[in-house]
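Enquirer: Pasting run_20.txt below, which is compact mmCIF, C-alpha atoms.
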# COMPACT_ATOMS: atom_id res chain seq x y z
CA MET A 1 193.40 -11.30 -223.33
CA THR A 2 195.06 -7.88 -223.31
CA GLU A 3 193.71 -4.87 -221.43
CA SER A 4 194.45 -2.49 -224.31
CA ASN A 5 190.79 -1.89 -225.07
CA SER A 6 189.51 -1.09 -221.60
CA ARG A 7 186.71 1.17 -222.87
CA SER A 8 184.93 -1.85 -224.34
CA GLU A 9 182.71 -4.08 -222.28
CA PRO A 10 183.94 -7.65 -222.24
CA PRO A 11 181.62 -10.23 -223.77
CA SER A 12 179.52 -12.33 -221.43
CA PRO A 13 181.82 -14.71 -219.53
CA ASN A 14 179.41 -17.63 -219.86
CA THR A 15 180.86 -19.47 -222.85
CA LYS A 16 178.14 -22.08 -223.19
CA ALA A 17 175.32 -19.53 -222.95
CA GLU A 18 177.02 -17.37 -225.56
CA PHE A 19 177.47 -20.33 -227.89
CA LEU A 20 173.79 -21.25 -227.57
CA ARG A 21 172.78 -17.61 -228.08
CA GLY A 22 174.76 -17.70 -231.34
CA ILE A 23 172.93 -20.80 -232.53
CA LYS A 24 169.56 -19.31 -231.59
CA THR A 25 170.32 -16.05 -233.38
CA SER A 26 171.36 -17.73 -236.62
CA LEU A 27 168.63 -20.39 -236.70
CA PRO A 28 166.09 -18.41 -238.80
CA MET A 29 168.82 -17.62 -241.33
CA THR A 30 169.79 -21.28 -241.42
CA LEU A 31 166.25 -22.23 -242.40
CA GLY A 32 166.53 -19.77 -245.28
CA PHE A 33 169.80 -21.43 -246.34
CA ILE A 34 168.34 -24.89 -246.80
CA PRO A 35 166.50 -24.49 -250.14
CA PHE A 36 169.57 -22.83 -251.71
CA ALA A 37 171.81 -25.53 -250.35
CA LEU A 38 169.54 -28.18 -251.90
CA VAL A 39 169.37 -26.34 -255.23
CA LEU A 40 173.13 -25.78 -255.25
CA GLY A 41 173.80 -29.45 -254.55
CA ALA A 42 171.37 -30.62 -257.22
CA GLN A 43 172.70 -28.15 -259.79
CA ALA A 44 176.32 -29.11 -259.04
CA VAL A 45 175.64 -32.77 -259.72
CA GLN A 46 173.94 -31.82 -263.00
CA LYS A 47 177.11 -29.98 -263.98
CA GLY A 48 179.29 -33.04 -263.37
CA PHE A 49 180.20 -32.90 -259.66
CA THR A 50 180.26 -36.22 -257.82
CA VAL A 51 178.05 -36.35 -254.72
CA LEU A 52 181.09 -36.21 -252.38
CA GLN A 53 182.69 -33.28 -254.22
CA VAL A 54 179.73 -31.04 -253.38
CA PRO A 55 180.09 -30.98 -249.55
CA LEU A 56 183.85 -30.92 -250.12
CA MET A 57 183.56 -27.71 -252.11
CA THR A 58 181.03 -26.08 -249.77
CA GLY A 59 183.15 -27.22 -246.80
CA VAL A 60 186.52 -25.87 -247.93
CA ASN A 61 185.12 -22.79 -249.67
CA PHE A 62 182.00 -21.85 -247.62
CA ALA A 63 180.94 -18.85 -249.72
CA GLY A 64 177.62 -19.38 -251.48
CA GLY A 65 177.92 -16.70 -254.14
CA SER A 66 181.22 -18.03 -255.45
CA GLU A 67 179.91 -21.60 -255.31
CA PHE A 68 176.89 -20.76 -257.45
CA THR A 69 179.25 -18.93 -259.82
CA ALA A 70 181.69 -21.85 -259.96
CA ILE A 71 178.88 -24.29 -260.72
CA SER A 72 177.46 -22.09 -263.46
CA LEU A 73 180.96 -22.00 -265.03
CA TRP A 74 181.73 -25.67 -264.32
CA THR A 75 182.81 -27.91 -267.18
CA SER A 76 184.40 -31.38 -267.25
CA PRO A 77 187.30 -30.86 -266.68
CA PRO A 78 186.75 -27.47 -265.00
CA HIS A 79 188.59 -24.33 -266.10
CA LEU A 80 190.72 -23.89 -262.96
CA LEU A 81 192.08 -20.41 -263.62
CA LEU A 82 188.74 -18.96 -264.68
CA ILE A 83 186.99 -20.39 -261.61
CA VAL A 84 189.74 -19.22 -259.23
CA ALA A 85 189.67 -15.73 -260.77
CA MET A 86 185.88 -15.57 -260.52
CA THR A 87 186.00 -16.89 -256.93
CA PHE A 88 188.41 -14.13 -256.04
CA LEU A 89 186.29 -11.44 -257.71
CA VAL A 90 182.98 -12.65 -256.25
CA ASN A 91 184.57 -12.87 -252.80
CA SER A 92 186.60 -9.67 -253.03
CA ARG A 93 183.99 -8.07 -250.78
CA HIS A 94 185.46 -10.26 -247.98
CA ILE A 95 188.56 -8.05 -248.11
CA ILE A 96 186.49 -5.03 -247.08
CA MET A 97 184.49 -7.13 -244.61
CA GLY A 98 187.67 -8.47 -243.00
CA ALA A 99 189.06 -4.96 -242.72
CA ALA A 100 185.82 -3.82 -241.09
CA PHE A 101 186.09 -6.72 -238.63
CA VAL A 102 189.51 -5.65 -237.33
CA PRO A 103 188.27 -3.16 -234.69
CA PHE A 104 186.09 -5.91 -233.18
CA MET A 105 189.00 -8.39 -233.02
CA ARG A 106 191.62 -6.22 -231.30
CA HIS A 107 191.22 -8.27 -228.11
CA LEU A 108 192.19 -11.44 -230.02
CA SER A 109 195.62 -12.56 -231.15
CA LYS A 110 196.37 -13.15 -234.82
CA LYS A 111 196.48 -16.87 -234.09
CA GLN A 112 192.97 -16.71 -232.64
CA SER A 113 191.60 -14.46 -235.38
CA LEU A 114 192.76 -16.37 -238.46
CA PRO A 115 190.69 -19.54 -237.81
CA LEU A 116 187.63 -17.40 -236.96
CA LEU A 117 187.97 -15.57 -240.27
CA PHE A 118 187.61 -18.85 -242.18
CA PHE A 119 183.89 -18.77 -241.23
CA MET A 120 183.37 -15.11 -242.12
CA CYS A 121 180.50 -15.46 -244.60
CA ASP A 122 178.23 -12.46 -245.18
CA GLU A 123 175.75 -13.64 -242.57
CA ALA A 124 178.26 -14.51 -239.80
CA TRP A 125 180.02 -11.20 -240.37
CA ALA A 126 176.79 -9.20 -240.30
CA ILE A 127 175.44 -11.02 -237.22
CA GLY A 128 178.77 -10.64 -235.40
CA ILE A 129 179.03 -6.90 -235.98
CA THR A 130 175.34 -6.30 -235.26
CA ASP A 131 175.69 -8.18 -231.97
CA CYS A 132 178.68 -6.03 -230.93
CA GLN A 133 176.76 -2.88 -231.81
CA GLN A 134 173.77 -4.04 -229.74
CA ARG A 135 175.99 -4.84 -226.77
CA LYS A 136 177.76 -1.49 -227.31
CA SER A 137 181.04 -3.40 -227.26
CA MET A 138 184.08 -3.37 -229.51
CA GLN A 139 184.87 -6.97 -228.62
CA LEU A 140 183.45 -9.76 -230.70
CA SER A 141 181.98 -12.46 -228.47
CA VAL A 142 183.94 -15.47 -229.69
CA PRO A 143 181.65 -18.25 -228.38
CA PHE A 144 178.65 -16.39 -229.81
CA TYR A 145 180.37 -16.07 -233.19
CA ILE A 146 181.37 -19.75 -233.11
CA GLY A 147 177.73 -20.67 -232.40
CA VAL A 148 176.61 -18.62 -235.41
CA ALA A 149 179.36 -20.09 -237.59
CA ALA A 150 178.68 -23.67 -236.50
CA CYS A 151 175.00 -23.31 -237.32
CA LEU A 152 175.54 -21.69 -240.73
CA TYR A 153 178.50 -23.83 -241.74
CA GLY A 154 176.99 -27.12 -240.58
CA SER A 155 173.67 -26.55 -242.31
CA TRP A 156 175.34 -25.33 -245.53
CA VAL A 157 177.67 -28.32 -245.86
CA ILE A 158 175.07 -30.90 -244.83
CA PHE A 159 172.23 -29.61 -247.02
CA THR A 160 174.39 -29.02 -250.10
CA GLY A 161 175.44 -32.65 -249.66
CA ILE A 162 171.80 -33.76 -249.35
CA GLY A 163 170.92 -31.70 -252.41
CA ALA A 164 173.66 -33.47 -254.34
CA ALA A 165 172.43 -36.86 -253.17
CA VAL A 166 168.74 -36.32 -253.94
CA GLY A 167 169.30 -34.03 -256.94
CA PRO A 168 169.12 -36.84 -259.51
CA LEU A 169 165.65 -37.68 -258.17
CA ILE A 170 164.47 -34.23 -259.16
CA GLY A 171 165.70 -34.88 -262.71
CA ASP A 172 166.47 -32.05 -265.08
CA VAL A 173 166.18 -29.01 -262.80
CA GLU A 174 166.30 -26.65 -265.77
CA GLN A 175 163.07 -28.07 -267.15
CA TYR A 176 161.27 -27.07 -263.93
CA GLY A 177 162.82 -23.64 -263.74
CA PHE A 178 165.17 -24.41 -260.84
CA ASP A 179 168.04 -22.78 -262.71
CA MET A 180 166.25 -19.45 -262.27
CA ALA A 181 167.01 -19.82 -258.54
CA PHE A 182 170.53 -18.58 -259.40
CA THR A 183 169.16 -15.46 -260.97
CA ALA A 184 166.76 -14.95 -258.07
CA VAL A 185 169.51 -15.39 -255.45
CA PHE A 186 171.81 -13.04 -257.30
CA LEU A 187 169.09 -10.42 -257.76
CA VAL A 188 168.34 -10.51 -254.02
CA LEU A 189 172.07 -10.26 -253.22
CA LEU A 190 172.32 -7.33 -255.63
CA LYS A 191 169.38 -5.65 -253.91
CA GLY A 192 171.30 -5.95 -250.63
CA MET A 193 174.37 -4.39 -252.26
CA TRP A 194 172.47 -1.58 -253.99
CA ARG A 195 173.67 1.86 -252.87
CA GLY A 196 171.95 3.96 -255.53
CA LEU A 197 172.68 4.58 -259.20
CA SER A 198 175.38 7.18 -258.50
CA HIS A 199 177.35 4.47 -256.72
CA CYS A 200 176.37 1.29 -258.57
CA TRP A 201 176.24 2.46 -262.21
CA PRO A 202 179.30 0.30 -263.13
CA TRP A 203 177.04 -2.73 -262.60
CA PHE A 204 175.16 -1.80 -265.75
CA VAL A 205 178.41 -1.52 -267.73
CA SER A 206 179.16 -5.07 -266.58
CA LEU A 207 175.64 -6.24 -267.44
CA VAL A 208 175.66 -4.86 -270.98
CA VAL A 209 179.23 -5.89 -271.81
CA ALA A 210 178.64 -9.39 -270.40
CA GLY A 211 175.42 -9.68 -272.42
CA ILE A 212 177.22 -8.71 -275.64
CA LEU A 213 180.23 -10.95 -274.95
CA TYR A 214 177.92 -13.86 -274.18
CA HIS A 215 176.68 -13.77 -277.77
CA LEU A 216 180.16 -13.14 -279.26
CA LEU A 217 182.53 -15.43 -277.33
CA PRO A 218 182.37 -19.14 -276.60
CA GLY A 219 182.52 -20.44 -273.02
CA ALA A 220 182.14 -18.39 -269.87
CA TRP A 221 184.48 -15.52 -270.65
CA TYR A 222 181.55 -13.11 -270.66
CA VAL A 223 181.75 -13.14 -266.82
CA ALA A 224 185.38 -12.04 -266.74
CA GLY A 225 184.90 -9.57 -269.60
CA GLY A 226 181.75 -8.04 -268.14
CA THR A 227 183.22 -7.80 -264.65
CA LEU A 228 186.44 -6.19 -265.85
CA ALA A 229 184.51 -3.71 -267.99
CA GLY A 230 182.57 -2.58 -264.91
CA ILE A 231 185.72 -2.31 -262.78
CA LEU A 232 187.57 -0.39 -265.51
CA ALA A 233 184.62 1.97 -265.91
CA ALA A 234 184.58 2.57 -262.15
CA LEU A 235 188.34 3.20 -262.15
CA ILE A 236 188.22 5.60 -265.10
CA TRP A 237 184.99 7.49 -264.52
CA GLY A 238 184.42 6.92 -260.78
CA LYS A 239 184.40 9.78 -258.30
CA ARG A 240 187.89 10.69 -257.19
CA MET B 1 184.70 -42.46 -271.37
CA ASP B 2 188.44 -43.25 -271.42
CA PRO B 3 189.47 -44.11 -267.80
CA LEU B 4 192.59 -41.94 -268.06
CA GLU B 5 190.49 -38.98 -269.13
CA ASN B 6 188.12 -39.69 -266.23
CA LEU B 7 191.00 -39.65 -263.76
CA PHE B 8 192.22 -36.35 -265.18
CA ILE B 9 188.77 -34.79 -264.84
CA GLU B 10 188.48 -36.07 -261.26
CA HIS B 11 191.87 -34.58 -260.34
CA MET B 12 191.15 -31.29 -262.04
CA ALA B 13 187.86 -31.08 -260.15
CA LEU B 14 189.53 -31.70 -256.79
CA LEU B 15 192.34 -29.30 -257.60
CA THR B 16 189.86 -26.62 -258.62
CA ILE B 17 187.87 -27.11 -255.40
CA VAL B 18 191.00 -26.82 -253.23
CA ALA B 19 192.17 -23.76 -255.19
CA MET B 20 188.73 -22.18 -254.71
CA GLY B 21 188.88 -22.78 -250.97
CA MET B 22 192.37 -21.29 -250.70
CA THR B 23 191.34 -18.27 -252.77
CA THR B 24 188.26 -17.65 -250.66
CA TYR B 25 190.21 -17.96 -247.42
CA LEU B 26 192.75 -15.52 -248.80
CA THR B 27 190.01 -12.93 -249.43
CA ARG B 28 188.84 -13.43 -245.83
CA ILE B 29 192.24 -12.74 -244.26
CA ILE B 30 193.74 -10.13 -246.62
CA GLY B 31 191.68 -7.25 -245.23
CA TYR B 32 192.36 -8.28 -241.65
CA LEU B 33 196.12 -8.64 -242.23
CA ALA B 34 196.40 -5.46 -244.29
CA LEU B 35 194.56 -3.19 -241.90
CA ARG B 36 197.14 -3.79 -239.18
CA ASN B 37 199.49 -1.58 -241.20
CA ARG B 38 197.41 0.83 -243.27
CA THR B 39 193.89 1.68 -244.43
CA LEU B 40 192.59 1.42 -247.98
CA ASN B 41 192.73 4.48 -250.17
CA PRO B 42 189.09 5.71 -250.25
CA ARG B 43 188.89 5.77 -254.03
CA LEU B 44 190.06 2.16 -254.33
CA GLU B 45 187.63 1.24 -251.58
CA ARG B 46 184.75 2.75 -253.58
CA VAL B 47 185.80 0.78 -256.66
CA MET B 48 186.07 -2.43 -254.63
CA GLU B 49 182.60 -1.91 -253.23
CA VAL B 50 181.05 -2.22 -256.69
CA VAL B 51 183.10 -5.27 -257.72
CA PRO B 52 180.87 -7.99 -256.22
CA GLY B 53 177.82 -6.42 -257.90
CA CYS B 54 179.67 -6.29 -261.24
CA VAL B 55 180.48 -9.99 -260.93
CA LEU B 56 177.00 -11.12 -259.93
CA ILE B 57 175.29 -9.11 -262.65
CA ALA B 58 177.76 -10.37 -265.28
CA VAL B 59 176.99 -13.95 -264.26
CA ILE B 60 173.24 -13.53 -264.78
CA ALA B 61 173.58 -11.43 -267.96
CA PRO B 62 172.99 -14.41 -270.32
CA VAL B 63 169.57 -15.09 -268.76
CA ILE B 64 168.64 -11.42 -269.12
CA PHE B 65 169.88 -11.26 -272.74
CA SER B 66 168.90 -14.83 -273.65
CA GLY B 67 166.39 -13.75 -276.29
CA HIS B 68 163.90 -16.42 -275.15
CA ILE B 69 160.57 -14.78 -274.44
CA SER B 70 159.78 -17.19 -271.57
CA ASP B 71 163.07 -16.45 -269.79
CA ILE B 72 162.79 -12.70 -270.31
CA LEU B 73 159.30 -12.71 -268.79
CA ALA B 74 160.51 -14.94 -265.95
CA VAL B 75 163.41 -12.56 -265.18
CA ALA B 76 160.96 -9.63 -265.15
CA ILE B 77 158.69 -11.48 -262.70
CA THR B 78 161.72 -12.42 -260.56
CA PHE B 79 162.85 -8.81 -260.55
CA VAL B 80 159.48 -7.57 -259.28
CA ALA B 81 159.44 -10.37 -256.67
CA MET B 82 162.95 -9.34 -255.55
CA LEU B 83 161.77 -5.74 -255.01
CA ARG B 84 158.88 -6.86 -252.79
CA PHE B 85 159.99 -10.03 -251.02
CA SER B 86 162.91 -11.56 -249.15
CA LEU B 87 165.17 -14.29 -250.46
CA LEU B 88 163.04 -17.39 -249.97
CA PRO B 89 159.74 -16.20 -251.55
CA THR B 90 161.67 -14.61 -254.42
CA VAL B 91 163.37 -17.89 -255.26
CA ILE B 92 160.10 -19.84 -255.08
CA ILE B 93 158.33 -17.32 -257.32
CA ALA B 94 161.26 -17.39 -259.78
CA ILE B 95 161.29 -21.18 -260.02
CA VAL B 96 157.50 -21.51 -260.36
CA ALA B 97 157.20 -18.65 -262.89
CA THR B 98 160.07 -19.98 -265.01
CA GLY B 99 158.77 -23.53 -264.95
CA LEU B 100 155.24 -22.47 -265.93
CA LEU B 101 156.34 -20.00 -268.62
CA ARG B 102 158.66 -22.56 -270.23
CA HIS B 103 155.85 -25.11 -270.13
CA TRP B 104 153.31 -22.74 -271.73
CA LEU B 105 155.48 -20.86 -274.21
CA LEU B 106 157.83 -23.50 -275.56
Output the file's structure as structure tokens, nothing else.
Expert:
Amino acid sequence: MTESNSRSEPPSPNTKAEFLRGIKTSLPMTLGFIPFALVLGAQAVQKGFTVLQVPLMTGVNFAGGSEFTAISLWTSPPHLLLIVAMTFLVNSRHIIMGAAFVPFMRHLSKKQSLPLLFFMCDEAWAIGITDCQQRKSMQLSVPFYIGVAACLYGSWVIFTGIGAAVGPLIGDVEQYGFDMAFTAVFLVLLKGMWRGLSHCWPWFVSLVVAGILYHLLPGAWYVAGGTLAGILAALIWGKR
Amino acid sequence: MDPLENLFIEHMALLTIVAMGMTTYLTRIIGYLALRNRTLNPRLERVMEVVPGCVLIAVIAPVIFSGHISDILAVAITFVAMLRFSLLPTVIIAIVATGLLRHWLL
């Protein structure tokens, strides 16, 4: 560890206690994860995933929003380029999040930081930064963050797998309205991202264009078209 | 189904999953790697902040513009639930409302 950031307080030296504190902090959020994980697993199998492919996807990707998007766009065989492009767009917020994480990782080498960033989901990122702010430190507590990540990652992969395994028992989830869980999750995520109409108006460009394209074009291109329309509108008419 | 076609689908699925994982990891490290040299231009940063919202809202646009009265009502109920409640209750209300409305109105 370098001494370059001497104004910051070092994290607690007790690694095990910090790890357990991370698990304890993220436990309530983990409980909230479980129903989505089950729905995601069940929905994925309905769209043609095998049971093993579901925890594989949630394990290598670990970003719920893009996984729900991928499943809603999933076909057999899947449209690789469309799904990769949508994954990038849905997760483009990570770029800003990663940049915002840099000041809290100055005490870590690049080699240490890169594996930690694999687990930077919205929740782990938010908990990590909040914890630093509460400790009035600019140094991310690594064992604490690993505890948070282990809890979130483990529960996400395991329960999406369980959802995939028991999904067929539920039957046609659409008949029961389970597909509306997507819309509900996305609406709640959007509420969290809402920064007022003056900032978020391009969303409505995307919404309207996507709605029109959905009725005009076959397949899932309405997502790409709607998204790009919003981005273009923001680029052209956004505040300079 | 033709076994060859099945094999192709299986491989495309695995390839897509791996490509997704690599793409997501890339988004997680780009910002970290880039900020060592320079900061984002504020205008581009503002545009990037609205991108995730644009994507999510485009994904759910078909439900909102579906034209089915049961789904439109269900989205309206989900929207009100979203304003008042956290994630879990909103999802439960959305599922129950959609299931009941489809049952009654279809």
Enquirer: Against chain B, which residues of chain A fall within 7 Å? For each one I want the closest pair of atoms and the distance in Å (one decimal), counting all atoms listed in the file, rows by chain and increasing residue number, as JSON lines.
Expert:
{"residue": "A:Gly32", "atom": "CA", "partner": "B:Leu88", "partner_atom": "CA", "distance": 6.3}
{"residue": "A:Met57", "atom": "CA", "partner": "B:Ile17", "partner_atom": "CA", "distance": 5.5}
{"residue": "A:Val60", "atom": "CA", "partner": "B:Gly21", "partner_atom": "CA", "distance": 4.9}
{"residue": "A:Asn61", "atom": "CA", "partner": "B:Gly21", "partner_atom": "CA", "distance": 4.0}
{"residue": "A:Ser76", "atom": "CA", "partner": "B:Ile9", "partner_atom": "CA", "distance": 6.0}
{"residue": "A:Pro77", "atom": "CA", "partner": "B:Ile9", "partner_atom": "CA", "distance": 4.6}
{"residue": "A:Pro78", "atom": "CA", "partner": "B:Ala13", "partner_atom": "CA", "distance": 6.1}
{"residue": "A:Leu80", "atom": "CA", "partner": "B:Thr16", "partner_atom": "CA", "distance": 5.2}
{"residue": "A:Val84", "atom": "CA", "partner": "B:Met20", "partner_atom": "CA", "distance": 5.5}
{"residue": "A:Thr87", "atom": "CA", "partner": "B:Met20", "partner_atom": "CA", "distance": 6.4}
{"residue": "A:Phe88", "atom": "CA", "partner": "B:Thr23", "partner_atom": "CA", "distance": 6.0}
{"residue": "A:Leu89", "atom": "CA", "partner": "B:Pro52", "partner_atom": "CA", "distance": 6.6}
{"residue": "A:Val90", "atom": "CA", "partner": "B:Pro52", "partner_atom": "CA", "distance": 5.1}
{"residue": "A:Asn91", "atom": "CA", "partner": "B:Thr27", "partner_atom": "CA", "distance": 6.4}
{"residue": "A:Ser92", "atom": "CA", "partner": "B:Thr27", "partner_atom": "CA", "distance": 5.9}
{"residue": "A:Arg93", "atom": "CA", "partner": "B:Pro52", "partner_atom": "CA", "distance": 6.3}
{"residue": "A:His94", "atom": "CA", "partner": "B:Arg28", "partner_atom": "CA", "distance": 5.1}
{"residue": "A:Ile95", "atom": "CA", "partner": "B:Gly31", "partner_atom": "CA", "distance": 4.3}
{"residue": "A:Ile96", "atom": "CA", "partner": "B:Gly31", "partner_atom": "CA", "distance": 5.9}
{"residue": "A:Gly98", "atom": "CA", "partner": "B:Gly31", "partner_atom": "CA", "distance": 4.7}
{"residue": "A:Ala99", "atom": "CA", "partner": "B:Gly31", "partner_atom": "CA", "distance": 4.3}
{"residue": "A:Val102", "atom": "CA", "partner": "B:Tyr32", "partner_atom": "CA", "distance": 5.8}
{"residue": "A:Leu114", "atom": "CA", "partner": "B:Ile29", "partner_atom": "CA", "distance": 6.9}
{"residue": "A:Leu117", "atom": "CA", "partner": "B:Arg28", "partner_atom": "CA", "distance": 6.0}
{"residue": "A:Phe118", "atom": "CA", "partner": "B:Tyr25", "partner_atom": "CA", "distance": 5.9}
{"residue": "A:Met120", "atom": "CA", "partner": "B:Arg28", "partner_atom": "CA", "distance": 6.8}
{"residue": "A:Gln175", "atom": "CA", "partner": "B:Gly99", "partner_atom": "CA", "distance": 6.6}
{"residue": "A:Tyr176", "atom": "CA", "partner": "B:Gly99", "partner_atom": "CA", "distance": 4.5}
{"residue": "A:Gly177", "atom": "CA", "partner": "B:Gly99", "partner_atom": "CA", "distance": 4.2}
{"residue": "A:Phe178", "atom": "CA", "partner": "B:Ile95", "partner_atom": "CA", "distance": 5.1}
{"residue": "A:Met180", "atom": "CA", "partner": "B:Ile95", "partner_atom": "CA", "distance": 5.7}
{"residue": "A:Ala181", "atom": "CA", "partner": "B:Val91", "partner_atom": "CA", "distance": 5.3}
{"residue": "A:Thr183", "atom": "CA", "partner": "B:Ile60", "partner_atom": "CA", "distance": 5.9}
{"residue": "A:Ala184", "atom": "CA", "partner": "B:Val91", "partner_atom": "CA", "distance": 5.3}
{"residue": "A:Val185", "atom": "CA", "partner": "B:Val91", "partner_atom": "CA", "distance": 6.6}
{"residue": "A:Phe186", "atom": "CA", "partner": "B:Leu56", "partner_atom": "CA", "distance": 6.1}
{"residue": "A:Leu187", "atom": "CA", "partner": "B:Met82", "partner_atom": "CA", "distance": 6.6}
{"residue": "A:Val188", "atom": "CA", "partner": "B:Met82", "partner_atom": "CA", "distance": 5.7}
{"residue": "A:Leu190", "atom": "CA", "partner": "B:Gly53", "partner_atom": "CA", "distance": 6.0}
{"residue": "A:Met193", "atom": "CA", "partner": "B:Gly53", "partner_atom": "CA", "distance": 6.9}
{"residue": "A:Cys200", "atom": "CA", "partner": "B:Val50", "partner_atom": "CA", "distance": 6.1}
{"residue": "A:Pro202", "atom": "CA", "partner": "B:Cys54", "partner_atom": "CA", "distance": 6.9}
{"residue": "A:Trp203", "atom": "CA", "partner": "B:Cys54", "partner_atom": "CA", "distance": 4.6}
{"residue": "A:Ser206", "atom": "CA", "partner": "B:Cys54", "partner_atom": "CA", "distance": 5.5}
{"residue": "A:Leu207", "atom": "CA", "partner": "B:Ala58", "partner_atom": "CA", "distance": 5.1}
{"residue": "A:Ala210", "atom": "CA", "partner": "B:Ala58", "partner_atom": "CA", "distance": 5.3}
{"residue": "A:Gly211", "atom": "CA", "partner": "B:Ala61", "partner_atom": "CA", "distance": 5.1}
{"residue": "A:Tyr214", "atom": "CA", "partner": "B:Pro62", "partner_atom": "CA", "distance": 6.3}
{"residue": "A:Val223", "atom": "CA", "partner": "B:Ala58", "partner_atom": "CA", "distance": 5.1}
{"residue": "A:Gly226", "atom": "CA", "partner": "B:Ala58", "partner_atom": "CA", "distance": 5.4}
{"residue": "A:Thr227", "atom": "CA", "partner": "B:Val55", "partner_atom": "CA", "distance": 5.1}
{"residue": "A:Gly230", "atom": "CA", "partner": "B:Cys54", "partner_atom": "CA", "distance": 6.0}
{"residue": "A:Ile231", "atom": "CA", "partner": "B:Val51", "partner_atom": "CA", "distance": 6.4}
{"residue": "A:Ala234", "atom": "CA", "partner": "B:Val47", "partner_atom": "CA", "distance": 5.9}
{"residue": "A:Leu235", "atom": "CA", "partner": "B:Val47", "partner_atom": "CA", "distance": 6.5}
{"residue": "A:Arg240", "atom": "CA", "partner": "B:Arg43", "partner_atom": "CA", "distance": 5.9}
Enquirer: Applying 7 Å and only C-alpha atoms, which residues near Ala124 in chain A remain after dropping the ones on its own chain fewer than 3 positions away? List them as a list of chain:residue names.
Expert: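 Once the nearby chain positions are removed, what remains is A:Met120, A:Cys121, A:Ile127, A:Gly128, A:Val148, A:Ala149.
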Enquirer: Can you measure CA of Phe68 in chain A to CA of Asp2 in chain B for me? One decimal in Å is fine.
Expert: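 Straight-line distance from CA of Phe68 in chain A to CA of Asp2 in chain B works out to 28.9 Å.
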Enquirer: When you draw a straight line from CA of Leu73 in chain B to CA of Ser66 in chain A, how long is it in Å?
Expert: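 Going from CA of Leu73 in chain B over to CA of Ser66 in chain A, I get 26.2 Å.
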Enquirer: Put a box with edges along x, y and z around all the listed atoms of range 20-34 of chain B, pad it by 8 Å on each side, then give me its centre and sizes in Å, one decimal, as AutoDock Vina command-line options.
Expert:
--center_x 192.3 --center_y -14.1 --center_z -248.2 --size_x 24.1 --size_y 33.3 --size_z 29.1
Enquirer: Which residues are close to Val51 in chain A, i.e. within 12 Å by only C-alpha atoms, leaving aside same-chain residues fewer than 6 positions away? Reply as a VMD selection string.
Expert: chain A and resid 40 to 45 57 to 58 157 to 168
